[in-house]
Amino acid sequence: MEWGAGLAGLATGLVIAVVTAPVGVSGAVFLLPVQLSVFAVPSPAVTPTNLLYNVVAGPGALLRHHRTGTLHGPLVRRLVLGTLPGVVIGAVIRVFAIPGPVVFKALVAAFLLPLGLWLVIRTLLPSRRSGRARDALSPRAVTGLALTVGVVGGIYGIGGGSLLGPVLVGRGMPVAQVAPAALASTFATSVVGAATYALLALSGPGSIAPDWFLGLACGAGGLIGGYFGARLQPHLPETALRLLLGTLATAVGTLYAAQSLA
């Protein structure tokens, strides 16, 4: 039975990563409800299990982006430096003052559902304004956004790309620039977050250790899927990538809204 769950986790991680990696999303935000509902991973162990998935899966897409030279630039540095302290804060909140999962799902739904719909509509019906630069966030705003996303990622073990991507792309940045930066920040915060949970497990209440077998199995699938997903990105037009990102955000928002109301 355990090996069956491992193979199912491998397949789940692979499929999710192939679809989400082209737009800079690790797929952990989709994996979280699967771990809770299908694999019955208990809370709070589901959070470090999700972080473990990101740690194992991340190098697949990052290796491809490194080979194409897209892992350099100020956006990567801003997102990584912003999310790293946030994930530590989020992990402490998760262990000692965690809000319920229903609150989390409602908040994610309230954020991603309108954001995803806005991104889809904006892509299909672009504004007549010619200057996208006016919509772009300032460097300080990008760092502040990354810090906030890092806190959320530390609490719930989701990839920050699912939150950062729609915002940055919706404000005018190209997906090809946002995707590698979002994936890099997700990987960095997941490593730090997993280490933080390991330390907190020494004194924190409850079962904080991840489900190692399932996390590694899902991560192995994500490692393979992420590499091939990143290879697909240059062959997809910008409009298709923006629609995919908006659709993913809308789908996650709808899923979490339904679960929070159930």
# chains A, B, ... in the order shown; residues from 1 in each chain; ligands from 1
call {"tool": "select_by_dssp", "arguments": {"residues": "stretch 37-237 of chain A", "states": "helix (DSSP H, G or I)", "output": "PyMOL selection string"}}
result
chain A and resi 37+46-67+74-96+101-124+132-135+139-156+161-170+175-200+212-235
call {"tool": "residues_around", "arguments": {"residues": "A:Tyr197", "least_positions_apart": "4", "cutoff": "12 Å", "atoms": "only C-alpha atoms", "output": "VMD selection string"}}
result
chain A and resid 44 to 52 87 to 96 154 to 157 189 to 193 201 to 210
call {"tool": "closest_residue", "arguments": {"among": "A:Ala21, A:Ala195, A:Val80, A:Leu137", "to": "A:Gly172", "atoms": "only C-alpha atoms"}}
result
A:Leu137
call {"tool": "closest_residue", "arguments": {"among": "A:Ser138, A:Thr254, A:Thr70, A:Ser162", "to": "A:Ala176", "atoms": "only C-alpha atoms"}}
result
A:Thr70
call {"tool": "closest_residue", "arguments": {"among": "A:Gly215, A:Pro126, A:Pro174, A:Gly153", "to": "A:Phe39", "atoms": "only C-alpha atoms"}}
result
A:Gly215
call {"tool": "residues_around", "arguments": {"residues": "stretch 117-120 of chain A", "least_positions_apart": "2", "cutoff": "10 Å", "atoms": "only C-alpha atoms", "output": "PDB file with N, CA, C and O atoms, in the first residue's frame"}}
result
ATOM      1  N   LEU A 112      -6.791  34.575  -5.008  1.00  0.00           N
ATOM      2  CA  LEU A 112      -6.470  34.034  -6.316  1.00  0.00           C
ATOM      3  C   LEU A 112      -7.643  34.050  -7.298  1.00  0.00           C
ATOM      4  O   LEU A 112      -7.433  34.240  -8.504  1.00  0.00           O
ATOM      5  N   LEU A 113      -8.863  33.867  -6.831  1.00  0.00           N
ATOM      6  CA  LEU A 113      -9.991  33.788  -7.752  1.00  0.00           C
ATOM      7  C   LEU A 113     -10.186  35.087  -8.535  1.00  0.00           C
ATOM      8  O   LEU A 113     -10.196  35.067  -9.775  1.00  0.00           O
ATOM      9  N   PRO A 114     -10.321  36.232  -7.869  1.00  0.00           N
ATOM     10  CA  PRO A 114     -10.445  37.468  -8.662  1.00  0.00           C
ATOM     11  C   PRO A 114      -9.175  37.814  -9.438  1.00  0.00           C
ATOM     12  O   PRO A 114      -9.251  38.365 -10.541  1.00  0.00           O
ATOM     13  N   LEU A 115      -8.010  37.474  -8.861  1.00  0.00           N
ATOM     14  CA  LEU A 115      -6.752  37.769  -9.553  1.00  0.00           C
ATOM     15  C   LEU A 115      -6.641  36.961 -10.836  1.00  0.00           C
ATOM     16  O   LEU A 115      -6.234  37.478 -11.892  1.00  0.00           O
ATOM     17  N   ARG A 122      -7.828  40.418 -18.751  1.00  0.00           N
ATOM     18  CA  ARG A 122      -6.851  41.401 -19.220  1.00  0.00           C
ATOM     19  C   ARG A 122      -6.079  40.879 -20.422  1.00  0.00           C
ATOM     20  O   ARG A 122      -5.700  41.651 -21.315  1.00  0.00           O
ATOM     21  N   THR A 123      -5.838  39.564 -20.448  1.00  0.00           N
ATOM     22  CA  THR A 123      -5.124  38.986 -21.578  1.00  0.00           C
ATOM     23  C   THR A 123      -6.004  38.912 -22.826  1.00  0.00           C
ATOM     24  O   THR A 123      -5.564  39.202 -23.940  1.00  0.00           O
ATOM     25  N   LEU A 124      -7.259  38.509 -22.634  1.00  0.00           N
ATOM     26  CA  LEU A 124      -8.175  38.391 -23.764  1.00  0.00           C
ATOM     27  C   LEU A 124      -8.644  39.746 -24.275  1.00  0.00           C
ATOM     28  O   LEU A 124      -8.870  39.931 -25.477  1.00  0.00           O
ATOM     29  N   LEU A 125      -8.794  40.698 -23.348  1.00  0.00           N
ATOM     30  CA  LEU A 125      -9.253  42.040 -23.699  1.00  0.00           C
ATOM     31  C   LEU A 125      -8.239  43.046 -23.189  1.00  0.00           C
ATOM     32  O   LEU A 125      -8.474  43.721 -22.184  1.00  0.00           O
ATOM     33  N   PRO A 126      -7.092  43.152 -23.840  1.00  0.00           N
ATOM     34  CA  PRO A 126      -6.036  44.040 -23.338  1.00  0.00           C
ATOM     35  C   PRO A 126      -6.484  45.491 -23.300  1.00  0.00           C
ATOM     36  O   PRO A 126      -7.281  45.946 -24.114  1.00  0.00           O
ATOM     37  N   PRO A 166       0.895  35.547 -10.726  1.00  0.00           N
ATOM     38  CA  PRO A 166      -0.250  36.306 -11.261  1.00  0.00           C
ATOM     39  C   PRO A 166      -0.152  37.804 -11.015  1.00  0.00           C
ATOM     40  O   PRO A 166      -0.560  38.604 -11.864  1.00  0.00           O
ATOM     41  N   VAL A 167       0.381  38.199  -9.857  1.00  0.00           N
ATOM     42  CA  VAL A 167       0.495  39.630  -9.555  1.00  0.00           C
ATOM     43  C   VAL A 167       1.501  40.300 -10.484  1.00  0.00           C
ATOM     44  O   VAL A 167       1.214  41.337 -11.116  1.00  0.00           O
ATOM     45  N   VAL A 169       2.875  39.225 -13.351  1.00  0.00           N
ATOM     46  CA  VAL A 169       2.496  39.154 -14.762  1.00  0.00           C
ATOM     47  C   VAL A 169       1.327  40.088 -15.036  1.00  0.00           C
ATOM     48  O   VAL A 169       1.276  40.772 -16.067  1.00  0.00           O
ATOM     49  N   GLY A 170       0.370  40.137 -14.100  1.00  0.00           N
ATOM     50  CA  GLY A 170      -0.762  41.029 -14.274  1.00  0.00           C
ATOM     51  C   GLY A 170      -0.370  42.494 -14.299  1.00  0.00           C
ATOM     52  O   GLY A 170      -1.056  43.319 -14.906  1.00  0.00           O
ATOM     53  N   ARG A 171       0.749  42.824 -13.652  1.00  0.00           N
ATOM     54  CA  ARG A 171       1.234  44.202 -13.649  1.00  0.00           C
ATOM     55  C   ARG A 171       2.177  44.509 -14.801  1.00  0.00           C
ATOM     56  O   ARG A 171       2.816  45.543 -14.835  1.00  0.00           O
ATOM     57  N   THR A 239       0.928  35.064 -24.824  1.00  0.00           N
ATOM     58  CA  THR A 239      -0.513  35.079 -24.546  1.00  0.00           C
ATOM     59  C   THR A 239      -0.967  33.754 -23.952  1.00  0.00           C
ATOM     60  O   THR A 239      -1.755  33.722 -23.000  1.00  0.00           O
ATOM     61  N   ARG A 242       0.213  33.556 -20.311  1.00  0.00           N
ATOM     62  CA  ARG A 242      -0.586  34.413 -19.432  1.00  0.00           C
ATOM     63  C   ARG A 242      -1.960  33.798 -19.167  1.00  0.00           C
ATOM     64  O   ARG A 242      -2.474  33.829 -18.047  1.00  0.00           O
ATOM     65  N   LEU A 243      -2.568  33.219 -20.211  1.00  0.00           N
ATOM     66  CA  LEU A 243      -3.861  32.556 -20.037  1.00  0.00           C
ATOM     67  C   LEU A 243      -3.732  31.331 -19.140  1.00  0.00           C
ATOM     68  O   LEU A 243      -4.608  31.065 -18.309  1.00  0.00           O
ATOM     69  N   LEU A 244      -2.630  30.573 -19.311  1.00  0.00           N
ATOM     70  CA  LEU A 244      -2.412  29.404 -18.460  1.00  0.00           C
ATOM     71  C   LEU A 244      -2.266  29.818 -17.008  1.00  0.00           C
ATOM     72  O   LEU A 244      -2.866  29.207 -16.112  1.00  0.00           O
ATOM     73  N   LEU A 245      -1.487  30.865 -16.748  1.00  0.00           N
ATOM     74  CA  LEU A 245      -1.297  31.335 -15.378  1.00  0.00           C
ATOM     75  C   LEU A 245      -2.607  31.827 -14.787  1.00  0.00           C
ATOM     76  O   LEU A 245      -2.939  31.518 -13.636  1.00  0.00           O
ATOM     77  N   GLY A 246      -3.367  32.595 -15.562  1.00  0.00           N
ATOM     78  CA  GLY A 246      -4.654  33.069 -15.070  1.00  0.00           C
ATOM     79  C   GLY A 246      -5.630  31.938 -14.812  1.00  0.00           C
ATOM     80  O   GLY A 246      -6.372  31.955 -13.825  1.00  0.00           O
ATOM     81  N   THR A 247      -5.626  30.938 -15.686  1.00  0.00           N
ATOM     82  CA  THR A 247      -6.512  29.790 -15.513  1.00  0.00           C
ATOM     83  C   THR A 247      -6.138  28.982 -14.276  1.00  0.00           C
ATOM     84  O   THR A 247      -7.010  28.529 -13.516  1.00  0.00           O
ATOM     85  N   LEU A 248      -4.828  28.786 -14.058  1.00  0.00           N
ATOM     86  CA  LEU A 248      -4.376  28.057 -12.866  1.00  0.00           C
ATOM     87  C   LEU A 248      -4.783  28.795 -11.593  1.00  0.00           C
ATOM     88  O   LEU A 248      -5.257  28.178 -10.627  1.00  0.00           O
ATOM     89  N   ALA A 249      -4.588  30.117 -11.570  1.00  0.00           N
ATOM     90  CA  ALA A 249      -4.973  30.899 -10.396  1.00  0.00           C
ATOM     91  C   ALA A 249      -6.469  30.823 -10.150  1.00  0.00           C
ATOM     92  O   ALA A 249      -6.926  30.668  -9.004  1.00  0.00           O
ATOM     93  N   THR A 250      -7.252  30.902 -11.211  1.00  0.00           N
ATOM     94  CA  THR A 250      -8.706  30.809 -11.082  1.00  0.00           C
ATOM     95  C   THR A 250      -9.123  29.428 -10.581  1.00  0.00           C
ATOM     96  O   THR A 250     -10.007  29.304  -9.724  1.00  0.00           O
ATOM     97  N   ALA A 251      -8.477  28.379 -11.112  1.00  0.00           N
ATOM     98  CA  ALA A 251      -8.815  27.015 -10.708  1.00  0.00           C
ATOM     99  C   ALA A 251      -8.505  26.779  -9.235  1.00  0.00           C
ATOM    100  O   ALA A 251      -9.316  26.191  -8.502  1.00  0.00           O
ATOM    101  N   GLY A 253      -8.253  29.102  -6.889  1.00  0.00           N
ATOM    102  CA  GLY A 253      -9.186  29.903  -6.107  1.00  0.00           C
ATOM    103  C   GLY A 253     -10.550  29.262  -6.007  1.00  0.00           C
ATOM    104  O   GLY A 253     -11.165  29.246  -4.934  1.00  0.00           O
TER     105      GLY A 253
END
call {"tool": "residues_around", "arguments": {"residues": "stretch 3-14 of chain A", "least_positions_apart": "5", "cutoff": "12 Å", "atoms": "only C-alpha atoms", "output": "number ranges by chain"}}
result
A: 19-21, 26-35, 38-41, 49-50, 52-54, 56-58, 60-61, 211-229
call {"tool": "closest_residue", "arguments": {"among": "A:Leu75, A:Val152, A:Ala198, A:Ala262", "to": "A:Leu183", "atoms": "only C-alpha atoms"}}
result
A:Leu75
call {"tool": "closest_residue", "arguments": {"among": "A:Pro85, A:Gly24, A:Gly161, A:Gly150", "to": "A:His65", "atoms": "only C-alpha atoms"}}
result
A:Gly24
call {"tool": "atom_distance", "arguments": {"atom1": "atom CA of A:Ala109", "atom2": "atom CA of A:Ile16"}}
result
19.2 Å
call {"tool": "atom_distance", "arguments": {"atom1": "atom CA of A:Leu84", "atom2": "atom CA of A:Leu168"}}
result
18.4 Å
call {"tool": "atom_distance", "arguments": {"atom1": "atom CA of A:Thr196", "atom2": "atom CA of A:Thr148"}}
result
17.4 Å
call {"tool": "closest_residue", "arguments": {"among": "A:Val15, A:Ser185, A:Val149, A:Pro22", "to": "A:Leu232", "atoms": "only C-alpha atoms"}}
result
A:Pro22
